[in-house]
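Novice: Below you'll find data.cif; it's mmCIF, C-alpha atoms (C1' of nucleotides).
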```
data_work
#
loop_
_atom_site.group_PDB
_atom_site.id
_atom_site.type_symbol
_atom_site.label_atom_id
_atom_site.label_comp_id
_atom_site.auth_asym_id
_atom_site.auth_seq_id
_atom_site.Cartn_x
_atom_site.Cartn_y
_atom_site.Cartn_z
ATOM 1 C CA MET A 176 11.542 2.454 22.472
ATOM 2 C CA PRO A 177 13.847 4.677 20.615
ATOM 3 C CA GLU A 178 14.478 5.195 16.968
ATOM 4 C CA LEU A 179 17.062 7.627 15.632
ATOM 5 C CA PRO A 180 15.281 10.862 16.692
ATOM 6 C CA GLU A 181 14.709 9.688 20.253
ATOM 7 C CA VAL A 182 18.318 8.559 20.631
ATOM 8 C CA GLU A 183 19.460 11.916 19.256
ATOM 9 C CA ILE A 184 17.366 13.683 21.912
ATOM 10 C CA VAL A 185 18.932 11.523 24.612
ATOM 11 C CA LYS A 186 22.360 12.386 23.255
ATOM 12 C CA GLN A 187 21.641 16.121 23.146
ATOM 13 C CA SER A 188 20.195 16.182 26.612
ATOM 14 C CA LEU A 189 23.161 14.347 28.154
ATOM 15 C CA GLU A 190 26.035 15.792 26.197
ATOM 16 C CA LYS A 191 26.680 19.057 28.004
ATOM 17 C CA THR A 192 26.551 17.414 31.392
ATOM 18 C CA ILE A 193 28.865 14.497 30.792
ATOM 19 C CA VAL A 194 31.526 15.590 28.316
ATOM 20 C CA SER A 195 34.896 16.078 30.028
ATOM 21 C CA LYS A 196 33.588 14.375 33.185
ATOM 22 C CA ARG A 197 35.114 11.291 34.720
ATOM 23 C CA ILE A 198 33.142 8.164 35.568
ATOM 24 C CA LYS A 199 33.904 7.454 39.203
ATOM 25 C CA LYS A 200 31.939 4.292 39.597
ATOM 26 C CA PHE A 201 30.254 1.978 37.117
ATOM 27 C CA ILE A 202 27.763 -0.324 38.787
ATOM 28 C CA ILE A 203 26.081 -3.220 37.033
ATOM 29 C CA PHE A 204 23.060 -4.549 38.904
ATOM 30 C CA ASN A 205 21.933 -6.870 36.161
ATOM 31 C CA ARG A 206 24.205 -8.270 33.474
ATOM 32 C CA ASN A 207 21.344 -9.973 31.645
ATOM 33 C CA LEU A 208 20.533 -7.499 28.934
ATOM 34 C CA ARG A 209 20.041 -8.450 25.262
ATOM 35 C CA PHE A 210 23.607 -9.685 25.471
ATOM 36 C CA LYS A 211 25.291 -10.553 28.722
ATOM 37 C CA VAL A 212 27.270 -7.563 29.930
ATOM 38 C CA GLN A 213 30.957 -8.404 29.981
ATOM 39 C CA LYS A 214 32.331 -9.271 33.408
ATOM 40 C CA ASN A 215 34.598 -6.695 35.014
ATOM 41 C CA LEU A 216 33.417 -4.038 32.612
ATOM 42 C CA ASN A 217 33.369 -1.690 35.571
ATOM 43 C CA LYS A 218 37.130 -2.035 35.915
ATOM 44 C CA LEU A 219 37.620 -0.972 32.310
ATOM 45 C CA ILE A 220 35.393 2.056 32.607
ATOM 46 C CA GLU A 221 35.878 3.442 36.098
ATOM 47 C CA GLN A 222 38.106 6.519 36.273
ATOM 48 C CA LYS A 223 37.862 7.091 32.528
ATOM 49 C CA LYS A 224 37.049 10.558 31.298
ATOM 50 C CA ILE A 225 34.356 10.990 28.651
ATOM 51 C CA ILE A 226 35.645 13.194 25.872
ATOM 52 C CA ARG A 227 32.712 12.912 23.490
ATOM 53 C CA LEU A 228 29.179 11.572 23.222
ATOM 54 C CA ASN A 229 28.239 10.435 19.736
ATOM 55 C CA ARG A 230 25.190 8.947 18.136
ATOM 56 C CA ILE A 231 25.178 6.718 15.082
ATOM 57 C CA SER A 232 21.739 5.539 13.968
ATOM 58 C CA LYS A 233 20.168 4.103 17.148
ATOM 59 C CA TYR A 234 23.454 3.748 19.020
ATOM 60 C CA LEU A 235 24.855 6.042 21.652
ATOM 61 C CA ILE A 236 28.639 6.017 21.830
ATOM 62 C CA PHE A 237 30.528 7.230 24.874
ATOM 63 C CA GLU A 238 34.061 8.050 23.773
ATOM 64 C CA PHE A 239 36.745 7.943 26.461
ATOM 65 C CA GLU A 240 40.200 9.469 26.544
ATOM 66 C CA LYS A 241 42.835 7.367 24.749
ATOM 67 C CA SER A 242 40.262 6.059 22.258
ATOM 68 C CA SER A 243 38.127 3.486 23.944
ATOM 69 C CA TYR A 244 34.365 3.375 23.591
ATOM 70 C CA LEU A 245 31.173 2.268 25.239
ATOM 71 C CA LEU A 246 28.419 1.512 22.756
ATOM 72 C CA MET A 247 24.859 1.600 24.084
ATOM 73 C CA HIS A 248 21.624 0.488 22.461
ATOM 74 C CA LEU A 249 18.321 1.193 24.235
ATOM 75 C CA GLY A 250 16.377 -1.625 22.595
ATOM 76 C CA MET A 251 12.590 -1.263 22.868
ATOM 77 C CA SER A 252 12.241 0.033 26.391
ATOM 78 C CA GLY A 253 15.604 1.421 27.509
ATOM 79 C CA THR A 254 15.783 4.878 29.074
ATOM 80 C CA LEU A 255 18.532 6.956 30.630
ATOM 81 C CA HIS A 256 17.918 9.099 33.666
ATOM 82 C CA LEU A 257 20.200 11.863 34.769
ATOM 83 C CA ILE A 258 20.153 12.673 38.452
ATOM 84 C CA LYS A 259 21.782 15.807 39.784
ATOM 85 C CA GLY A 260 21.775 16.287 43.513
ATOM 86 C CA ASN A 261 18.234 15.558 44.563
ATOM 87 C CA ASN A 262 16.725 16.538 41.265
ATOM 88 C CA PHE A 263 15.773 14.133 38.574
ATOM 89 C CA TYR A 264 16.457 15.526 35.147
ATOM 90 C CA LYS A 265 14.854 14.210 32.048
ATOM 91 C CA THR A 266 17.251 12.751 29.536
ATOM 92 C CA ASN A 267 14.846 11.203 27.111
ATOM 93 C CA LEU A 268 11.260 10.386 26.483
ATOM 94 C CA SER A 269 10.329 8.739 29.685
ATOM 95 C CA PHE A 270 10.578 11.678 31.982
ATOM 96 C CA TYR A 271 9.592 11.557 35.591
ATOM 97 C CA HIS A 272 9.252 13.795 38.565
ATOM 98 C CA SER A 273 12.034 13.125 41.031
ATOM 99 C CA SER A 274 9.462 11.277 43.099
ATOM 100 C CA ASP A 275 8.703 9.047 40.127
ATOM 101 C CA LEU A 276 12.188 7.638 39.732
ATOM 102 C CA PRO A 277 11.704 4.154 38.332
ATOM 103 C CA LYS A 278 12.155 1.602 41.069
ATOM 104 C CA LYS A 279 12.318 -1.532 39.004
ATOM 105 C CA HIS A 280 14.687 -2.420 36.175
ATOM 106 C CA ASN A 281 17.502 -0.011 36.970
ATOM 107 C CA HIS A 282 20.293 -2.203 35.602
ATOM 108 C CA ILE A 283 23.307 0.059 35.372
ATOM 109 C CA VAL A 284 24.443 3.182 37.211
ATOM 110 C CA LEU A 285 27.207 5.531 36.094
ATOM 111 C CA ASN A 286 28.402 7.599 39.031
ATOM 112 C CA PHE A 287 30.114 10.916 38.445
ATOM 113 C CA THR A 288 31.267 13.395 41.062
ATOM 114 C CA ASN A 289 28.074 15.447 41.289
ATOM 115 C CA PHE A 290 25.519 13.405 39.407
ATOM 116 C CA LYS A 291 24.685 9.974 38.108
ATOM 117 C CA ILE A 292 23.109 8.329 35.111
ATOM 118 C CA ILE A 293 20.781 5.365 35.482
ATOM 119 C CA TYR A 294 20.118 2.902 32.685
ATOM 120 C CA ASN A 295 16.606 1.477 33.061
ATOM 121 C CA ASP A 296 15.185 -1.145 30.732
ATOM 122 C CA PRO A 297 12.133 -3.289 31.630
ATOM 123 C CA ARG A 298 12.282 -5.574 28.608
ATOM 124 C CA ARG A 299 16.081 -5.817 28.548
ATOM 125 C CA PHE A 300 16.335 -5.719 24.781
ATOM 126 C CA GLY A 301 18.989 -3.046 25.079
ATOM 127 C CA PHE A 302 22.695 -3.748 25.467
ATOM 128 C CA ILE A 303 26.113 -2.226 25.984
ATOM 129 C CA LYS A 304 29.436 -3.214 24.464
ATOM 130 C CA TYR A 305 32.924 -1.955 25.172
ATOM 131 C CA PHE A 306 35.581 -1.416 22.487
ATOM 132 C CA HIS A 307 39.290 -1.046 23.130
ATOM 133 C CA SER A 308 40.012 0.868 19.954
ATOM 134 C CA LYS A 309 38.509 2.922 17.180
ATOM 135 C CA SER A 310 39.129 0.158 14.670
ATOM 136 C CA ASN A 311 37.246 -2.393 16.792
ATOM 137 C CA LEU A 312 34.323 -0.008 17.076
ATOM 138 C CA ASP A 313 34.374 0.780 13.365
ATOM 139 C CA PHE A 314 34.440 -2.896 12.519
ATOM 140 C CA TYR A 315 31.385 -3.494 14.682
ATOM 141 C CA LEU A 316 29.556 -0.560 13.115
ATOM 142 C CA SER A 317 30.389 -1.681 9.584
ATOM 143 C CA ARG A 318 27.467 -4.105 9.852
ATOM 144 C CA ILE A 319 24.976 -1.254 9.571
ATOM 145 C CA GLY A 320 24.078 0.865 6.553
ATOM 146 C CA LEU A 321 24.083 4.644 6.298
ATOM 147 C CA GLU A 322 21.560 6.585 8.316
ATOM 148 C CA PRO A 323 19.259 8.882 6.331
ATOM 149 C CA LEU A 324 20.771 12.000 7.892
ATOM 150 C CA ASN A 325 24.185 11.112 6.471
ATOM 151 C CA GLN A 326 25.196 13.312 3.517
ATOM 152 C CA LYS A 327 26.135 10.184 1.585
ATOM 153 C CA PHE A 328 22.617 8.809 1.897
ATOM 154 C CA ASN A 329 21.580 9.770 -1.624
ATOM 155 C CA PHE A 330 19.942 8.388 -4.737
ATOM 156 C CA SER A 331 22.849 6.257 -5.920
ATOM 157 C CA TYR A 332 23.356 4.736 -2.462
ATOM 158 C CA LEU A 333 19.718 3.794 -2.071
ATOM 159 C CA LYS A 334 19.268 2.601 -5.640
ATOM 160 C CA LYS A 335 22.335 0.388 -5.354
ATOM 161 C CA ASN A 336 20.880 -1.249 -2.228
ATOM 162 C CA LEU A 337 17.304 -1.563 -3.465
ATOM 163 C CA ILE A 338 18.037 -2.982 -6.857
ATOM 164 C CA ASN A 339 17.361 -6.703 -7.287
ATOM 165 C CA LYS A 340 15.794 -6.935 -3.825
ATOM 166 C CA GLN A 341 12.682 -9.061 -3.579
ATOM 167 C CA LYS A 342 11.693 -7.903 -0.103
ATOM 168 C CA ASN A 343 8.995 -5.340 0.514
ATOM 169 C CA ILE A 344 9.964 -1.737 1.085
ATOM 170 C CA LYS A 345 8.646 -1.671 4.664
ATOM 171 C CA ASN A 346 10.943 -4.504 5.724
ATOM 172 C CA PHE A 347 13.763 -2.907 3.764
ATOM 173 C CA LEU A 348 13.429 0.352 5.707
ATOM 174 C CA LEU A 349 13.581 -1.616 8.951
ATOM 175 C CA ASP A 350 16.628 -3.641 7.902
ATOM 176 C CA GLN A 351 19.510 -1.852 9.551
ATOM 177 C CA LYS A 352 22.129 -3.271 7.221
ATOM 178 C CA TYR A 353 20.868 -1.119 4.347
ATOM 179 C CA ILE A 354 19.457 1.912 6.154
ATOM 180 C CA SER A 355 20.035 2.417 9.846
ATOM 181 C CA GLY A 356 18.113 4.445 12.382
ATOM 182 C CA ILE A 357 14.573 3.969 11.082
ATOM 183 C CA GLY A 358 12.207 1.900 13.212
ATOM 184 C CA ASN A 359 8.563 0.963 12.952
ATOM 185 C CA ILE A 360 7.045 4.388 13.614
ATOM 186 C CA TYR A 361 9.151 6.334 11.162
ATOM 187 C CA ALA A 362 9.067 3.635 8.480
ATOM 188 C CA ASN A 363 5.278 4.018 8.392
ATOM 189 C CA GLU A 364 5.444 7.804 8.334
ATOM 190 C CA ILE A 365 8.124 7.927 5.624
ATOM 191 C CA LEU A 366 6.197 5.574 3.341
ATOM 192 C CA PHE A 367 3.022 7.607 3.719
ATOM 193 C CA CYS A 368 4.848 10.831 2.840
ATOM 194 C CA SER A 369 6.492 9.051 -0.092
ATOM 195 C CA LYS A 370 3.092 7.740 -1.304
ATOM 196 C CA ILE A 371 4.421 4.195 -1.461
ATOM 197 C CA HIS A 372 2.464 1.171 -0.294
ATOM 198 C CA PRO A 373 4.402 -0.750 2.396
ATOM 199 C CA ILE A 374 4.218 -4.110 0.626
ATOM 200 C CA ARG A 375 5.675 -2.829 -2.650
ATOM 201 C CA LEU A 376 8.772 -4.815 -3.578
ATOM 202 C CA CYS A 377 12.045 -2.915 -3.651
ATOM 203 C CA ASN A 378 12.837 -3.862 -7.208
ATOM 204 C CA SER A 379 9.544 -2.404 -8.403
ATOM 205 C CA LEU A 380 10.296 1.125 -7.236
ATOM 206 C CA LYS A 381 10.686 3.827 -9.855
ATOM 207 C CA ASP A 382 13.514 6.337 -9.625
ATOM 208 C CA LYS A 383 11.192 9.139 -8.635
ATOM 209 C CA GLU A 384 9.841 6.997 -5.786
ATOM 210 C CA ILE A 385 13.363 6.313 -4.578
ATOM 211 C CA ILE A 386 13.998 10.042 -4.631
ATOM 212 C CA ARG A 387 10.904 10.592 -2.502
ATOM 213 C CA ILE A 388 12.129 8.044 0.045
ATOM 214 C CA ILE A 389 15.436 9.915 0.290
ATOM 215 C CA LYS A 390 13.677 13.232 0.686
ATOM 216 C CA TYR A 391 11.116 12.172 3.253
ATOM 217 C CA SER A 392 13.335 9.926 5.340
ATOM 218 C CA LYS A 393 15.553 12.943 5.965
ATOM 219 C CA LYS A 394 12.608 15.285 6.428
ATOM 220 C CA VAL A 395 10.595 13.101 8.796
ATOM 221 C CA LEU A 396 13.583 12.287 11.026
ATOM 222 C CA LYS A 397 14.691 15.923 11.179
ATOM 223 C CA LYS A 398 11.228 17.106 12.080
ATOM 224 C CA ALA A 399 10.918 14.426 14.758
ATOM 225 C CA ILE A 400 14.202 15.584 16.299
ATOM 226 C CA LYS A 401 12.971 19.151 16.218
ATOM 227 C CA LYS A 402 9.852 18.084 18.112
ATOM 228 C CA GLY A 403 11.894 16.269 20.732
ATOM 229 C CA GLY A 404 11.102 12.788 19.397
ATOM 230 C CA SER A 405 7.972 10.720 19.958
ATOM 231 C CA SER A 406 6.704 9.922 23.451
ATOM 232 C CA ILE A 407 4.293 7.045 23.148
ATOM 233 C CA ARG A 408 2.980 4.995 26.039
ATOM 234 C CA ASN A 409 4.012 6.311 29.429
ATOM 235 C CA PHE A 410 3.681 9.820 28.260
ATOM 236 C CA LYS A 411 0.860 10.533 30.666
ATOM 237 C CA ASN A 412 3.521 10.211 33.353
ATOM 238 C CA SER A 413 5.870 12.605 31.691
ATOM 239 C CA VAL A 414 6.387 16.192 32.672
ATOM 240 C CA GLY A 415 7.657 19.246 30.845
ATOM 241 C CA LYS A 416 9.931 18.473 27.987
ATOM 242 C CA SER A 417 8.772 15.104 26.732
ATOM 243 C CA GLY A 418 8.726 14.746 22.954
ATOM 244 C CA SER A 419 5.687 15.809 20.977
ATOM 245 C CA TYR A 420 6.095 14.127 17.615
ATOM 246 C CA GLN A 421 3.434 11.567 18.558
ATOM 247 C CA LYS A 422 0.956 14.394 17.988
ATOM 248 C CA GLU A 423 2.190 14.696 14.420
ATOM 249 C CA PHE A 424 1.755 11.067 13.424
ATOM 250 C CA LEU A 425 0.099 10.935 10.028
ATOM 251 C CA VAL A 426 -0.560 7.194 9.950
ATOM 252 C CA TYR A 427 1.212 5.392 12.792
ATOM 253 C CA ASP A 428 -1.355 4.265 15.361
ATOM 254 C CA GLN A 429 -4.061 6.116 13.415
ATOM 255 C CA GLU A 430 -6.107 3.096 12.314
ATOM 256 C CA THR A 431 -9.629 3.950 11.136
ATOM 257 C CA LYS A 432 -8.950 7.679 11.342
ATOM 258 C CA LYS A 433 -9.350 9.679 8.193
ATOM 259 C CA CYS A 434 -6.346 9.925 5.903
ATOM 260 C CA PRO A 435 -4.630 13.248 6.635
ATOM 261 C CA SER A 436 -4.393 14.165 2.952
ATOM 262 C CA ALA A 437 -6.741 17.081 2.303
ATOM 263 C CA ASN A 438 -8.507 15.614 -0.711
ATOM 264 C CA CYS A 439 -8.684 12.005 0.446
ATOM 265 C CA LYS A 440 -11.624 10.498 2.316
ATOM 266 C CA GLU A 441 -10.112 7.057 2.839
ATOM 267 C CA LYS A 442 -9.520 5.652 6.335
ATOM 268 C CA ILE A 443 -6.085 4.553 7.506
ATOM 269 C CA SER A 444 -5.586 0.794 7.238
ATOM 270 C CA LYS A 445 -3.586 -1.455 9.515
ATOM 271 C CA ILE A 446 -1.945 -4.686 8.436
ATOM 272 C CA PHE A 447 0.848 -6.813 9.859
ATOM 273 C CA ILE A 448 4.041 -7.140 7.852
ATOM 274 C CA SER A 449 6.487 -9.633 9.351
ATOM 275 C CA ASN A 450 4.581 -9.393 12.611
ATOM 276 C CA ARG A 451 4.950 -5.635 12.867
ATOM 277 C CA SER A 452 2.015 -3.282 12.581
ATOM 278 C CA SER A 453 1.930 -1.233 9.413
ATOM 279 C CA TYR A 454 -0.347 1.730 8.840
ATOM 280 C CA PHE A 455 -1.080 3.275 5.471
ATOM 281 C CA CYS A 456 -3.671 4.858 3.234
ATOM 282 C CA LYS A 457 -4.658 2.459 0.482
ATOM 283 C CA ASN A 458 -5.821 5.342 -1.650
ATOM 284 C CA CYS A 459 -2.732 7.557 -1.369
ATOM 285 C CA GLN A 460 -0.048 4.878 -1.215
ATOM 286 C CA LYS A 461 0.409 2.833 -4.365
ATOM 287 C "C1'" DA B 221 21.665 -16.983 -0.022
ATOM 288 C "C1'" DA B 222 18.083 -13.719 0.628
ATOM 289 C "C1'" DG B 223 14.169 -13.131 3.240
ATOM 290 C "C1'" DA B 224 10.484 -14.360 6.584
ATOM 291 C "C1'" DG B 225 9.501 -15.607 11.154
ATOM 292 C "C1'" DG B 226 10.688 -16.902 15.929
ATOM 293 C "C1'" DC B 227 12.441 -15.443 19.937
ATOM 294 C "C1'" DC B 228 14.408 -12.832 23.818
ATOM 295 C "C1'" DC B 229 11.507 -10.001 28.054
ATOM 296 C "C1'" DT B 230 8.133 -7.231 30.959
ATOM 297 C "C1'" DG B 231 4.114 -4.326 31.329
ATOM 298 C "C1'" DA B 232 -0.161 -2.128 29.794
ATOM 299 C "C1'" DT B 233 -4.492 -2.816 28.171
ATOM 300 C "C1'" DA B 234 -8.524 -5.148 26.116
ATOM 301 C "C1'" DG B 235 -11.852 -8.618 26.423
ATOM 302 C "C1'" DC B 236 -14.273 -12.160 28.650
ATOM 303 C "C1'" DT C 251 -12.423 -8.560 40.193
ATOM 304 C "C1'" DG C 252 -9.448 -11.553 37.984
ATOM 305 C "C1'" DC C 253 -7.996 -14.180 34.585
ATOM 306 C "C1'" DT C 254 -5.933 -14.711 29.645
ATOM 307 C "C1'" DA C 255 -4.478 -13.017 25.258
ATOM 308 C "C1'" DT C 256 -2.368 -9.606 22.575
ATOM 309 C "C1'" DC C 257 0.586 -6.012 21.570
ATOM 310 C "C1'" DA C 258 4.670 -2.748 22.138
ATOM 311 C "C1'" DG C 259 9.584 2.112 19.539
ATOM 312 C "C1'" DG C 260 14.549 -3.881 18.089
ATOM 313 C "C1'" DG C 261 17.592 -7.008 16.243
ATOM 314 C "C1'" DC C 262 19.916 -11.521 16.245
ATOM 315 C "C1'" DC C 263 19.419 -16.310 14.953
ATOM 316 C "C1'" DT C 264 17.438 -20.137 12.428
ATOM 317 C "C1'" DC C 265 15.143 -22.194 8.866
ATOM 318 C "C1'" DT C 266 13.726 -22.529 4.171
#
```
Let me see whether you can do it: turn the structure in this file into structure tokens.

Specialist:
Amino acid sequence: MPELPEVEIVKQSLEKTIVSKRIKKFIIFNRNLRFKVQKNLNKLIEQKKIIRLNRISKYLIFEFEKSSYLLMHLGMSGTLHLIKGNNFYKTNLSFYHSSDLPKKHNHIVLNFTNFKIIYNDPRRFGFIKYFHSKSNLDFYLSRIGLEPLNQKFNFSYLKKNLINKQKNIKNFLLDQKYISGIGNIYANEILFCSKIHPIRLCNSLKDKEIIRIIKYSKKVLKKAIKKGGSSIRNFKNSVGKSGSYQKEFLVYDQETKKCPSANCKEKISKIFISNRSSYFCKNCQK
DNA sequence: AAGAGGCCCTGATAGC
DNA sequence: TGCTATCAGGGCCTCT
């Protein structure tokens, strides 16, 4: 489900409630996520106080006192649900009335004194990992590249990573070891804004095109965060504050609609690149 | 050794 | 209605 903007919204919506609170009980109903959840993880986490909630690319990081960490990835279909008293508060893009609390696929529950957080994930592509120290966490995270919102994500960084690459730019944007946080929706949107065809090879990109990728990857992600992320599928069930960026999609899921550029009459095309749907305007993107 | 494709899994929807 | 096929916001592993 979530790319960087959606995970950021989850982080923002949880932060105030959980920082400086202690996890009283950590219940694992199903250890079979993308990776098997470590046995006895509950013993490591129970009674620990959360001192910070961070987000790096698509990862949520719960930081505990004395520098230990719980890393969480929501995969394709993971959602967090904050429950206070009898009320069900929305924490991300799959928001429900309290009566619509998901009944299936609630795999993990974090119990606090006055509220709890439920991790729900039908497809189980998400995962959690625990780290005993900052250096262990940093080592794990060293596998991923900079996220576009990082100050250091600039021309020289991107050029250095693009140069000599034979892969197409769409797959490059999705490859988390060079750029992290972008997923299929935003890769399509960024390439449209940058006027670059998704199958262009990295090593064919001109400097000014690289500059456009920098500019629009930051711009698109920031705007998506501002709009509360994208709520696709399920959003007919949502109430109130669900994200609205899906209404702003320029090309994603817009096949056969007219290109949004004012002076272009072309229709949006859809092709598959490495088995993932790619939307673009063949007139505007070269 | 970089890059493409398969695979993990469930649910919604389209098409017959 | 009821079946089957296809697709979905990700990322690790394997094969070439």

Novice: Using only C-alpha atoms (C1' of nucleotides), what does the table of chain A residues within 9 Å of chain C look like, with each row giving the shortest atom pair and its distance in Å to one decimal, sorted by chain and ascending number, as JSON lines?

Specialist:
```
{"residue": "A:Met176", "atom": "CA", "partner": "C:DG259", "partner_atom": "C1'", "distance": 3.5}
{"residue": "A:Pro177", "atom": "CA", "partner": "C:DG259", "partner_atom": "C1'", "distance": 5.1}
{"residue": "A:Glu178", "atom": "CA", "partner": "C:DG259", "partner_atom": "C1'", "distance": 6.3}
{"residue": "A:Leu249", "atom": "CA", "partner": "C:DG260", "partner_atom": "C1'", "distance": 8.8}
{"residue": "A:Gly250", "atom": "CA", "partner": "C:DG260", "partner_atom": "C1'", "distance": 5.4}
{"residue": "A:Met251", "atom": "CA", "partner": "C:DG259", "partner_atom": "C1'", "distance": 5.6}
{"residue": "A:Ser252", "atom": "CA", "partner": "C:DG259", "partner_atom": "C1'", "distance": 7.6}
{"residue": "A:Phe300", "atom": "CA", "partner": "C:DG260", "partner_atom": "C1'", "distance": 7.2}
{"residue": "A:Gly301", "atom": "CA", "partner": "C:DG260", "partner_atom": "C1'", "distance": 8.3}
{"residue": "A:Gln351", "atom": "CA", "partner": "C:DG261", "partner_atom": "C1'", "distance": 8.7}
{"residue": "A:Gly358", "atom": "CA", "partner": "C:DG259", "partner_atom": "C1'", "distance": 6.9}
{"residue": "A:Asn359", "atom": "CA", "partner": "C:DG259", "partner_atom": "C1'", "distance": 6.8}
{"residue": "A:Ile360", "atom": "CA", "partner": "C:DG259", "partner_atom": "C1'", "distance": 6.8}
{"residue": "A:Ser405", "atom": "CA", "partner": "C:DG259", "partner_atom": "C1'", "distance": 8.8}
{"residue": "A:Ile407", "atom": "CA", "partner": "C:DG259", "partner_atom": "C1'", "distance": 8.1}
{"residue": "A:Arg408", "atom": "CA", "partner": "C:DA258", "partner_atom": "C1'", "distance": 8.8}
```

Novice: Can you translate the PyMOL selection byres ((chain B) within 8 of (chain A)) into the concrete residues it hits in this file, as a short mmCIF file (atom, residue, chain, number, x, y, z; two decimals) with C-alpha atoms (C1' of nucleotides), in the frame of the given file?

Specialist:
```cif
data_model
loop_
_atom_site.label_atom_id
_atom_site.label_comp_id
_atom_site.auth_asym_id
_atom_site.auth_seq_id
_atom_site.Cartn_x
_atom_site.Cartn_y
_atom_site.Cartn_z
"C1'" DG B 223 14.17 -13.13 3.24
"C1'" DA B 224 10.48 -14.36 6.58
"C1'" DG B 225 9.50 -15.61 11.15
"C1'" DC B 228 14.41 -12.83 23.82
"C1'" DC B 229 11.51 -10.00 28.05
"C1'" DT B 230 8.13 -7.23 30.96
#
```

Novice: Could you state the separation of atom CA of Asn438 of chain A and atom CA of Leu380 of chain A in Å, given to one decimal place?

Specialist: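 Between atom CA of Asn438 of chain A and atom CA of Leu380 of chain A the gap works out to 24.6 Å.
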
Novice: Record the distance separating atom CA of Lys393 of chain A and atom CA of Pro323 of chain A, expressed in Å with one decimal.

Specialist: 5.5 Å

Novice: Atom CA of Phe328 of chain A and atom CA of Ile354 of chain A are how many Å apart?

Specialist: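 Computing it gives 8.7 Å between the two atoms.
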
Novice: Report as a count of residues only the residues that result from applying the PyMOL selection byres ((chain A and resi 307-314) around 6) to the structure here.

Specialist: 6

Novice: Could you list, as a compact mmCIF listing (two decimals) with C-alpha atoms, in the frame of the given file, every residue within 8 Å of Thr431 of chain A, counting only C-alpha atoms (C1' of nucleotides) and ignoring same-chain residues fewer than 2 positions away?

Specialist:
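What landed in result20.txt:
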```txt
# COMPACT_ATOMS: atom_id res chain seq x y z
CA GLN A 429 -4.06 6.12 13.42
CA LYS A 433 -9.35 9.68 8.19
CA LYS A 442 -9.52 5.65 6.34
CA ILE A 443 -6.08 4.55 7.51
CA SER A 444 -5.59 0.79 7.24
```

Novice: Which of these, A:Val182, A:Ile236, A:Cys439, A:Ile389, has the shortest distance to Gly253 of chain A once you count only C-alpha atoms?

Specialist: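 Nearest candidate to Gly253 of chain A out of A:Val182, A:Ile236, A:Cys439, A:Ile389: A:Val182.
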
Novice: Since I can't run it myself right now, could you work out what the PyMOL selection byres ((chain A and resi 370) around 9) selects here and report it as an MDAnalysis selection string?

Specialist: chainID A and resid 365:369 371:372 384 387 456 459:461

Novice: Just want the 10 Å neighbourhood of segment 217-229 of chain A, counted on all atoms listed in the file, with same-chain residues fewer than 3 positions away dropped. Output as an MDAnalysis selection string.

Specialist: chainID A and resid 183 186:187 189:191 193:203 213:214 232 234:246 285:287 305 307
